[in-house]
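As provided, upload.txt (compact mmCIF, C-alpha atoms and all ligand atoms) reads as follows.
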# COMPACT_ATOMS: atom_id res chain seq x y z
CA MET A 1 0.00 0.00 0.00
CA ALA A 2 1.27 3.45 -0.87
CA LEU A 3 1.59 5.58 2.25
CA PRO A 4 0.62 9.21 1.69
CA GLU A 5 3.22 11.71 2.76
CA TRP A 6 2.84 13.30 6.16
CA ASP A 7 5.37 15.17 8.28
CA GLY A 8 3.89 13.89 11.57
CA GLU A 9 5.33 11.32 13.98
CA LEU A 10 2.73 8.58 14.40
CA THR A 11 -0.65 7.48 13.11
CA SER A 12 -2.59 4.75 14.87
CA VAL A 13 -5.53 3.23 12.98
CA ARG A 14 -7.82 0.57 14.39
CA TYR A 15 -11.07 -0.93 13.15
CA ASP A 16 -13.55 -2.57 15.49
CA ARG A 17 -15.87 -5.10 13.89
CA GLY A 18 -18.30 -5.12 16.80
CA THR A 19 -19.20 -1.42 16.62
CA GLY A 20 -18.21 -0.80 12.99
CA ALA A 21 -16.16 2.24 14.05
CA TRP A 22 -12.68 3.25 12.87
CA PHE A 23 -10.33 4.82 15.44
CA VAL A 24 -7.54 7.09 14.29
CA ILE A 25 -5.00 8.94 16.42
CA GLY A 26 -2.54 11.29 14.76
CA VAL A 27 0.48 12.43 16.75
CA HIS A 28 1.96 15.22 14.67
CA SER A 29 4.70 16.54 16.95
CA THR A 30 6.00 16.01 20.46
CA ARG A 31 8.75 18.62 20.00
CA LEU A 32 7.34 21.00 22.66
CA GLY A 33 5.81 18.36 24.95
CA PRO A 34 3.36 15.44 24.90
CA ALA A 35 0.93 15.70 22.00
CA SER A 36 -2.56 16.87 22.75
CA GLY A 37 -5.80 17.64 20.91
CA GLY A 38 -9.40 16.59 21.03
CA THR A 39 -11.44 13.58 19.92
CA ARG A 40 -13.67 14.20 16.91
CA ALA A 41 -16.49 11.68 16.46
CA MET A 42 -18.52 11.83 13.27
CA VAL A 43 -19.41 9.98 10.09
CA TYR A 44 -16.77 10.11 7.32
CA PRO A 45 -17.12 9.19 3.65
CA SER A 46 -14.33 6.60 4.08
CA PRO A 47 -11.72 5.49 6.65
CA GLY A 48 -9.10 7.20 4.48
CA ASP A 49 -10.89 10.52 4.93
CA ALA A 50 -10.84 9.97 8.69
CA VAL A 51 -7.06 9.36 8.64
CA ALA A 52 -6.50 12.46 6.50
CA ASP A 53 -8.66 14.57 8.81
CA ALA A 54 -6.89 13.34 11.98
CA ARG A 55 -3.49 14.12 10.46
CA ARG A 56 -4.47 17.59 9.22
CA LEU A 57 -6.08 18.47 12.53
CA ALA A 58 -3.07 17.12 14.48
CA GLY A 59 -0.76 19.34 12.42
CA ALA A 60 -2.92 22.36 13.21
CA MET A 61 -2.68 21.48 16.94
CA THR A 62 1.13 21.62 16.76
CA LEU A 63 0.93 25.14 15.35
CA LYS A 64 -1.78 26.14 17.84
CA MET A 65 0.20 25.02 20.89
CA ALA A 66 3.39 26.69 19.63
CA VAL A 67 1.73 30.04 18.84
CA ALA A 68 -0.18 30.01 22.14
CA GLY A 69 3.07 29.38 24.02
CA LEU A 70 1.84 26.12 25.57
CA PRO A 71 4.37 23.34 26.38
CA MET A 72 2.51 20.69 24.39
CA GLY A 73 2.76 18.97 21.05
CA GLY A 74 0.02 18.47 18.48
CA GLY A 75 -2.25 15.46 18.09
CA LYS A 76 -5.86 14.62 17.33
CA SER A 77 -8.18 11.63 17.45
CA VAL A 78 -10.88 10.87 14.95
CA ILE A 79 -13.54 8.24 15.50
CA ALA A 80 -15.29 7.50 12.20
CA LEU A 81 -18.74 6.41 13.34
CA PRO A 82 -20.86 3.79 11.52
CA ALA A 83 -23.89 6.15 11.86
CA PRO A 84 -24.53 9.60 13.36
CA ARG A 85 -24.01 9.55 17.10
CA ALA A 86 -27.68 10.31 17.81
CA GLU A 87 -28.57 7.03 16.06
CA LEU A 88 -26.10 4.88 18.02
CA GLY A 89 -27.38 3.11 21.10
CA GLU A 90 -25.97 3.96 24.53
CA ALA A 91 -24.17 0.59 24.74
CA THR A 92 -22.48 1.05 21.34
CA TRP A 93 -21.28 4.54 22.27
CA ARG A 94 -19.97 3.25 25.60
CA ARG A 95 -18.10 0.45 23.79
CA ILE A 96 -16.63 3.01 21.36
CA LEU A 97 -15.33 5.07 24.28
CA GLU A 98 -13.86 1.93 25.87
CA ILE A 99 -11.95 1.08 22.70
CA HIS A 100 -10.77 4.67 22.34
CA ALA A 101 -9.54 4.61 25.96
CA ALA A 102 -7.63 1.38 25.29
CA ASN A 103 -5.94 3.05 22.29
CA LEU A 104 -5.01 6.06 24.45
CA GLU A 105 -3.49 3.67 27.00
CA LEU A 106 -1.36 2.08 24.28
CA LEU A 107 0.18 5.48 23.53
CA GLY A 108 1.22 5.66 27.18
CA GLY A 109 0.83 9.42 27.67
CA ASN A 110 2.52 10.53 24.47
CA TYR A 111 -0.93 11.84 23.55
CA THR A 112 -3.69 13.29 25.77
CA THR A 113 -7.16 13.82 24.36
CA GLY A 114 -10.03 16.17 25.15
CA PRO A 115 -13.41 17.20 23.70
CA ASP A 116 -13.89 18.18 20.05
CA VAL A 117 -16.69 18.08 17.47
CA GLY A 118 -19.01 15.22 18.47
CA THR A 119 -17.67 14.70 22.00
CA CYS A 120 -18.27 16.59 25.26
CA SER A 121 -17.19 16.82 28.90
CA ALA A 122 -19.47 13.90 29.87
CA ASP A 123 -17.62 11.69 27.36
CA MET A 124 -14.31 12.82 28.84
CA ASP A 125 -15.63 11.76 32.28
CA VAL A 126 -16.25 8.25 30.90
CA LEU A 127 -12.80 8.09 29.24
CA ALA A 128 -11.14 9.39 32.42
CA GLY A 129 -12.57 6.41 34.29
CA LEU A 130 -10.55 4.18 31.94
CA THR A 131 -7.32 6.10 31.26
CA PRO A 132 -5.57 9.13 32.78
CA HIS A 133 -4.71 10.61 29.35
CA VAL A 134 -7.75 12.87 29.18
CA PHE A 135 -8.36 16.61 29.55
CA GLY A 136 -11.67 18.41 29.81
CA ARG A 137 -13.69 16.41 32.35
CA SER A 138 -16.82 18.12 33.66
CA VAL A 139 -16.58 20.38 36.71
CA ALA A 140 -18.73 17.83 38.63
CA ALA A 141 -16.08 15.15 37.92
CA GLY A 142 -13.25 17.43 39.10
CA GLY A 143 -12.27 18.76 35.65
CA PRO A 144 -12.17 22.29 34.19
CA GLY A 145 -15.45 21.92 32.27
CA SER A 146 -16.26 22.95 28.74
CA SER A 147 -13.64 24.81 26.76
CA GLY A 148 -16.42 26.47 24.71
CA PRO A 149 -16.57 29.77 26.61
CA MET A 150 -12.79 30.32 26.40
CA THR A 151 -12.71 29.37 22.72
CA ALA A 152 -15.44 31.97 22.13
CA LEU A 153 -13.60 34.61 24.18
CA GLY A 154 -10.46 34.05 22.08
CA VAL A 155 -12.39 34.18 18.81
CA PHE A 156 -13.94 37.47 19.89
CA ALA A 157 -10.46 38.85 20.68
CA ALA A 158 -9.47 37.74 17.16
CA ILE A 159 -12.51 39.53 15.69
CA ARG A 160 -11.54 42.75 17.50
CA ALA A 161 -7.94 42.52 16.25
CA GLY A 162 -9.13 41.78 12.69
CA VAL A 163 -11.59 44.65 12.71
CA ALA A 164 -8.86 47.07 13.86
CA GLU A 165 -6.51 45.77 11.15
CA ALA A 166 -9.26 46.39 8.55
CA GLY A 167 -9.44 50.02 9.72
CA PHE A 168 -12.75 49.92 11.59
CA ASP A 169 -13.21 51.64 14.92
CA GLY A 170 -14.52 48.68 16.95
CA VAL A 171 -17.27 46.12 16.41
CA ASP A 172 -20.15 48.51 17.17
CA GLY A 173 -22.45 48.82 14.15
CA LEU A 174 -20.59 46.24 12.01
CA ARG A 175 -22.45 43.42 10.25
CA VAL A 176 -21.15 40.20 11.82
CA LEU A 177 -22.24 36.85 10.32
CA VAL A 178 -21.81 33.85 12.63
CA GLN A 179 -21.98 30.44 10.92
CA GLY A 180 -22.66 27.57 13.34
CA LEU A 181 -24.36 28.19 16.69
CA GLY A 182 -23.00 25.36 18.82
CA ALA A 183 -21.49 26.17 22.23
CA VAL A 184 -18.73 28.31 20.69
CA GLY A 185 -20.64 30.06 17.89
CA ALA A 186 -23.58 30.99 20.15
CA ASP A 187 -21.19 32.48 22.72
CA VAL A 188 -19.29 34.46 20.07
CA ALA A 189 -22.67 35.75 18.80
CA ARG A 190 -23.51 36.92 22.33
CA LEU A 191 -20.18 38.73 22.72
CA ALA A 192 -20.61 40.40 19.31
CA ALA A 193 -24.21 41.43 20.09
CA ASP A 194 -23.08 42.89 23.45
CA ALA A 195 -20.47 44.92 21.58
CA GLY A 196 -23.15 46.43 19.33
CA ALA A 197 -22.72 44.30 16.20
CA LYS A 198 -25.58 43.92 13.73
CA LEU A 199 -25.78 40.17 13.99
CA ILE A 200 -26.58 37.74 11.18
CA VAL A 201 -26.73 34.02 12.10
CA THR A 202 -27.07 30.65 10.42
CA ASP A 203 -27.01 27.01 11.52
CA VAL A 204 -27.88 23.65 9.99
CA ASP A 205 -30.38 23.22 12.83
CA PRO A 206 -33.24 25.71 12.23
CA ALA A 207 -34.58 25.46 15.81
CA ARG A 208 -31.20 26.25 17.33
CA CYS A 209 -30.80 29.12 14.90
CA ALA A 210 -34.22 30.57 15.75
CA ALA A 211 -33.50 30.35 19.49
CA VAL A 212 -30.23 32.30 19.23
CA ALA A 213 -31.74 34.81 16.79
CA ASP A 214 -34.66 35.47 19.19
CA GLU A 215 -32.35 35.84 22.16
CA LEU A 216 -30.05 38.31 20.42
CA GLY A 217 -32.35 40.00 17.90
CA ALA A 218 -30.30 38.62 15.00
CA GLU A 219 -31.25 38.26 11.35
CA VAL A 220 -31.39 34.62 10.16
CA VAL A 221 -30.00 33.54 6.78
CA GLY A 222 -29.85 30.09 5.16
CA THR A 223 -26.63 28.09 5.42
CA GLY A 224 -26.06 28.54 1.69
CA ALA A 225 -25.75 32.31 2.13
CA VAL A 226 -22.59 32.11 4.27
CA THR A 227 -20.17 32.77 1.44
CA THR A 228 -22.38 35.13 -0.58
CA ARG A 229 -23.99 37.40 2.00
CA GLU A 230 -22.30 40.80 2.18
CA CYS A 231 -21.08 41.61 5.68
CA ASP A 232 -18.11 43.14 7.50
CA VAL A 233 -16.98 40.13 9.55
CA LEU A 234 -17.50 36.44 8.75
CA VAL A 235 -17.20 34.16 11.78
CA PRO A 236 -17.09 30.46 10.76
CA CYS A 237 -17.86 28.28 13.80
CA ALA A 238 -19.00 25.09 12.04
CA THR A 239 -16.72 22.31 10.70
CA GLY A 240 -13.84 23.35 8.46
CA GLY A 241 -13.18 23.51 4.75
CA LEU A 242 -15.51 26.46 4.06
CA ILE A 243 -13.12 28.60 2.03
CA THR A 244 -11.74 27.25 -1.22
CA ALA A 245 -9.59 29.47 -3.45
CA GLU A 246 -12.65 29.94 -5.64
CA VAL A 247 -14.87 31.00 -2.73
CA ALA A 248 -12.11 33.35 -1.53
CA GLU A 249 -12.26 35.14 -4.89
CA THR A 250 -15.78 36.41 -4.29
CA LEU A 251 -16.32 36.54 -0.52
CA PRO A 252 -18.05 39.91 0.08
CA ILE A 253 -16.43 40.59 3.48
CA ALA A 254 -13.68 42.66 5.11
CA VAL A 255 -12.59 40.27 7.89
CA VAL A 256 -12.75 36.52 8.52
CA ALA A 257 -12.09 35.22 12.04
CA GLY A 258 -13.72 32.14 13.53
CA ALA A 259 -13.44 28.96 15.56
CA ALA A 260 -13.64 26.29 12.83
CA ASN A 261 -10.43 24.24 12.56
CA ASN A 262 -8.99 23.93 9.03
CA LEU A 263 -11.15 26.74 7.68
CA LEU A 264 -9.29 26.92 4.38
CA ALA A 265 -10.11 24.00 2.07
CA ASP A 266 -7.01 24.81 0.08
CA PRO A 267 -3.81 26.59 1.23
CA TYR A 268 -3.88 28.88 -1.82
CA ALA A 269 -7.11 30.45 -0.51
CA ALA A 270 -4.96 32.39 1.99
CA GLU A 271 -3.14 34.05 -0.88
CA VAL A 272 -6.42 34.99 -2.57
CA LEU A 273 -7.66 36.58 0.67
CA ARG A 274 -4.39 38.52 0.99
CA ARG A 275 -4.54 39.78 -2.59
CA ARG A 276 -8.14 40.93 -2.10
CA GLY A 277 -7.25 42.79 1.12
CA ILE A 278 -9.48 40.61 3.32
CA VAL A 279 -8.10 40.41 6.84
CA HIS A 280 -7.81 36.70 7.72
CA ALA A 281 -7.18 35.53 11.29
CA PRO A 282 -5.64 32.04 10.90
CA ASP A 283 -7.82 29.44 12.63
CA PHE A 284 -5.01 27.91 14.70
CA VAL A 285 -4.32 31.31 16.27
CA ALA A 286 -7.91 32.53 16.67
CA ASN A 287 -9.36 29.34 18.21
CA ALA A 288 -6.62 28.56 20.75
CA GLY A 289 -8.78 29.58 23.75
CA GLY A 290 -9.95 26.00 24.25
CA ALA A 291 -6.40 24.65 24.33
CA ILE A 292 -5.34 27.48 26.67
CA HIS A 293 -8.25 26.56 28.98
CA LEU A 294 -7.50 22.82 29.07
CA VAL A 295 -3.71 22.98 29.22
CA GLY A 296 -3.72 26.09 31.44
CA ARG A 297 -6.04 24.56 34.03
CA GLU A 298 -4.89 20.92 33.86
CA VAL A 299 -1.17 21.07 33.15
CA LEU A 300 0.00 24.51 34.19
CA GLY A 301 -2.23 25.06 37.25
CA TRP A 302 -3.50 28.44 36.08
CA SER A 303 -6.55 30.13 37.64
CA ALA A 304 -9.65 30.81 35.54
CA ASP A 305 -8.63 34.50 35.49
CA ALA A 306 -5.14 33.70 34.21
CA VAL A 307 -6.67 31.51 31.48
CA ALA A 308 -9.02 34.34 30.44
CA ASP A 309 -6.11 36.84 30.36
CA ARG A 310 -4.01 34.53 28.21
CA THR A 311 -6.99 33.90 25.95
CA ARG A 312 -7.64 37.64 25.45
CA ALA A 313 -3.95 37.96 24.52
CA ILE A 314 -4.78 36.05 21.30
CA GLY A 315 -5.82 39.51 20.05
CA ASP A 316 -2.30 40.90 20.62
CA THR A 317 -0.72 37.85 18.98
CA LEU A 318 -2.89 38.40 15.92
CA THR A 319 -2.09 42.11 15.78
CA GLY A 320 1.56 41.04 15.56
CA VAL A 321 0.80 38.42 12.90
CA PHE A 322 -1.10 40.97 10.78
CA ALA A 323 1.80 43.44 11.06
CA ASP A 324 4.38 40.75 10.09
CA ALA A 325 2.29 39.72 7.09
CA ARG A 326 1.98 43.34 5.95
CA THR A 327 5.71 44.01 6.42
CA HIS A 328 6.84 40.91 4.53
CA GLY A 329 4.03 40.81 1.96
CA THR A 330 3.03 37.29 3.00
CA THR A 331 -0.31 35.75 3.92
CA THR A 332 -1.30 35.83 7.57
CA VAL A 333 -1.10 32.01 7.56
CA THR A 334 2.57 32.16 6.52
CA ALA A 335 3.26 34.82 9.17
CA ALA A 336 1.62 32.69 11.88
CA GLN A 337 3.38 29.51 10.68
CA ASP A 338 6.69 31.40 10.87
CA LEU A 339 5.85 32.47 14.42
CA ALA A 340 5.16 28.82 15.33
CA ALA A 341 8.34 27.69 13.58
CA ARG A 342 10.45 30.10 15.66
CA THR A 343 9.08 28.46 18.83
CA LEU A 344 9.40 24.92 17.44
CA THR A 345 13.01 25.43 16.45
CA GLY A 346 13.89 27.26 19.67
CA GLU A 347 14.62 30.64 18.03
CA HIS A 348 13.08 33.67 19.72
C1 LIG B 401 -8.66 22.32 19.70
O1 LIG B 401 -8.18 23.42 19.97
O2 LIG B 401 -9.01 22.06 18.55
C2 LIG B 401 -8.80 21.29 20.76
C3 LIG B 401 -8.35 21.78 22.09
C4 LIG B 401 -7.72 20.71 22.89
C5 LIG B 401 -6.51 20.95 23.43
C6 LIG B 401 -5.89 20.01 24.18
C7 LIG B 401 -6.51 18.81 24.39
C8 LIG B 401 -7.72 18.57 23.84
C9 LIG B 401 -8.35 19.51 23.10
Represent the structure of the file as structure tokens.
Ligand code: HCI
Amino acid sequence: MALPEWDGELTSVRYDRGTGAWFVIGVHSTRLGPASGGTRAMVYPSPGDAVADARRLAGAMTLKMAVAGLPMGGGKSVIALPAPRAELGEATWRRILEIHAANLELLGGNYTTGPDVGTCSADMDVLAGLTPHVFGRSVAAGGPGSSGPMTALGVFAAIRAGVAEAGFDGVDGLRVLVQGLGAVGADVARLAADAGAKLIVTDVDPARCAAVADELGAEVVGTGAVTTRECDVLVPCATGGLITAEVAETLPIAVVAGAANNLLADPYAAEVLRRRGIVHAPDFVANAGGAIHLVGREVLGWSADAVADRTRAIGDTLTGVFADARTHGTTTVTAAQDLAARTLTGEH
């Protein structure tokens, strides 16, 4: 079998006949410390797509940890489910978590997981009963609880930095479109509404969308309008891959800053955004609040206040990234990758 190229350290792939689930763990880098990153559980078109996703996401975690100044490497787990989680029985889900925990044990602490798309604090509580290599247990189980609020706080700091870079005087009065109203997106929408934004929202779940729109007095648009609706700030908080180079050519926006990992479907999209003068906050910088929360609370012993301060500092990091990109005529992704590379190679 031809192995696709990857610059990461380890990929573990396991299939379980009983549940029909595939389990992938990608350890991209342990250069700065043990690898860490969440567990994503969803349906994939094929096991190969699950492996590719785990590897890409693990690579983004390496950059995220380095830019955020956390002493951790990058990794990610993907569980490719045989059916959407809501359709799996309790016993099947429990068995899936047991197998995942056994895989984590095999890695012996070289990788610690946490929540991600399709998993939550309650799942981390179950895993933590089976292996110590877990972050993000619920507060009731002695953990730091959901990383959603800190991810949202960091994304909002990124929005503020992006808006300033685009020459606006604050978020007040700007049209802000939030795509995806899960824990993170809904919280970002609240922060933007509090700051006086004219909010536009969309979600694949119409009921969830209506609830947030009612709460915040937001306009609702269909999910298909995300890349065509004119607005000042686009805030992608759903799964990644939204912006292809083609989409980047016509996006009618001034700033893009969100929580979705792997927002760009194609690395060249960053160059299109740069050429068109759209301010782009790289995902692995903007969405680091969750990692800062988990690693800050569980590895570094930081208080909730210290975590919030470090998360707000994402705005300053981005201001520096925007300035570097402008000075050197590069994309903001290249500028942020260079910043990560300086940490990873020990240059300061
Ligand atoms: C992420 O930022 O995508 C996940 C955050 C995270 C960090 C460390 C362990 C698990 C999850």
Could you give me, as JSON lines, every chain A residue with an atom at most 7 Å from ligand LIG 401 (chain B), plus its closest atom pair and distance in Å to one decimal, counting all atoms listed in the file, rows ordered by chain then number?
{"residue": "A:Ser36", "atom": "CA", "partner": "B:LIG401", "partner_atom": "C7", "distance": 4.7}
{"residue": "A:Gly37", "atom": "CA", "partner": "B:LIG401", "partner_atom": "C8", "distance": 3.6}
{"residue": "A:Gly38", "atom": "CA", "partner": "B:LIG401", "partner_atom": "C9", "distance": 3.7}
{"residue": "A:Met61", "atom": "CA", "partner": "B:LIG401", "partner_atom": "O2", "distance": 6.6}
{"residue": "A:Thr112", "atom": "CA", "partner": "B:LIG401", "partner_atom": "C7", "distance": 6.4}
{"residue": "A:Thr113", "atom": "CA", "partner": "B:LIG401", "partner_atom": "C8", "distance": 4.8}
{"residue": "A:Gly114", "atom": "CA", "partner": "B:LIG401", "partner_atom": "C8", "distance": 3.6}
{"residue": "A:Pro115", "atom": "CA", "partner": "B:LIG401", "partner_atom": "C9", "distance": 5.6}
{"residue": "A:Asp116", "atom": "CA", "partner": "B:LIG401", "partner_atom": "C2", "distance": 6.0}
{"residue": "A:Phe135", "atom": "CA", "partner": "B:LIG401", "partner_atom": "C7", "distance": 5.9}
{"residue": "A:Asn261", "atom": "CA", "partner": "B:LIG401", "partner_atom": "O2", "distance": 6.5}
{"residue": "A:Asn287", "atom": "CA", "partner": "B:LIG401", "partner_atom": "O1", "distance": 6.3}
{"residue": "A:Ala288", "atom": "CA", "partner": "B:LIG401", "partner_atom": "O1", "distance": 5.4}
{"residue": "A:Gly290", "atom": "CA", "partner": "B:LIG401", "partner_atom": "C3", "distance": 5.0}
{"residue": "A:Ala291", "atom": "CA", "partner": "B:LIG401", "partner_atom": "C5", "distance": 3.8}
{"residue": "A:Leu294", "atom": "CA", "partner": "B:LIG401", "partner_atom": "C6", "distance": 5.9}
{"residue": "A:Val295", "atom": "CA", "partner": "B:LIG401", "partner_atom": "C6", "distance": 6.2}
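The closest residue to Arg297 of chain A, picked from A:Ala21, A:Met42, A:Met150, A:Leu88 and counting only C-alpha atoms, is A:Met150.
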Exercise. Choose the residue, out of A:Val176, A:Leu344, A:Ala207, A:Val51, that has the smallest atom-to-atom separation from Ser29 of chain A; count only C-alpha atoms.
Key: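 The shortest atom-to-atom distance to Ser29 of chain A comes from A:Leu344.
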Practice problem: Figure out the distance between atom CA of Val235 of chain A and atom CA of Leu251 of chain A, please, to one decimal in Å. | Solution: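 Computing the Euclidean distance for atom CA of Leu251 of chain A and atom CA of Val235 of chain A yields 12.6 Å.
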Quiz item: Smallest atom-to-atom distance to Ala101 of chain A: which of A:Tyr15, A:Phe23, A:Tyr268, A:Trp302, using all atoms listed in the file?
Solution: A:Phe23
Practice problem: With a distance cut-off of 12 Å and all atoms listed in the file, select the neighbouring residues of Pro267 of chain A, excluding the residue or stretch itself and same-chain residues fewer than 2 positions from it, and output the selection as a VMD selection string. | Solution: chain A and resid 241 243 to 246 248 262 to 265 269 to 274 282 331 to 334
Quiz item: Which residues come within 12 Å of Gly154 of chain A, counting all atoms listed in the file, excluding same-chain residues fewer than 2 positions away, as a VMD selection string?
Solution: chain A and resid 68 147 to 152 156 to 161 184 to 185 187 to 188 191 257 to 259 281 283 to 293 307 to 318
Self-check item: Shortest interatomic distance to Gly59 of chain A - which of A:Leu81, A:Val139, A:Ala35, A:Ala254, counting all atoms listed in the file
Solution: A:Ala35
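The interatomic distance for the pair atom CA of Ala166 of chain A and atom CA of Arg326 of chain A works out to 11.9 Å.
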Practice problem: For Gly346 of chain A, please output as a PyMOL selection string all residues within 12 Å (counting all atoms listed in the file; exclusion window: fewer than 2 positions along the same chain). | Solution: chain A and resi 31-32+66+69+339-344+348
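One distance worth recording is that between atom CA of Leu107 of chain A and atom CA of Ala140 of chain A, which is 27.2 Å.
Considering all atoms listed in the file, the residue among A:Arg95, A:Arg208, A:Arg40, A:Arg17 positioned nearest to Asp53 of chain A is A:Arg40.
Proximity of A:Leu104, A:Val255, A:Leu130, A:Val221 to Gly162 of chain A, computed with all atoms listed in the file, is greatest for A:Val255.
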Work out where the centre of an axis-aligned box around every listed atom of segment 129-138 of chain A lies and how long its edges are once 6 Å is added on each side; give both in Å to one decimal as AutoDock Vina command-line options.
--center_x -10.8 --center_y 11.3 --center_z 31.7 --size_x 24.1 --size_y 26.2 --size_z 17.1
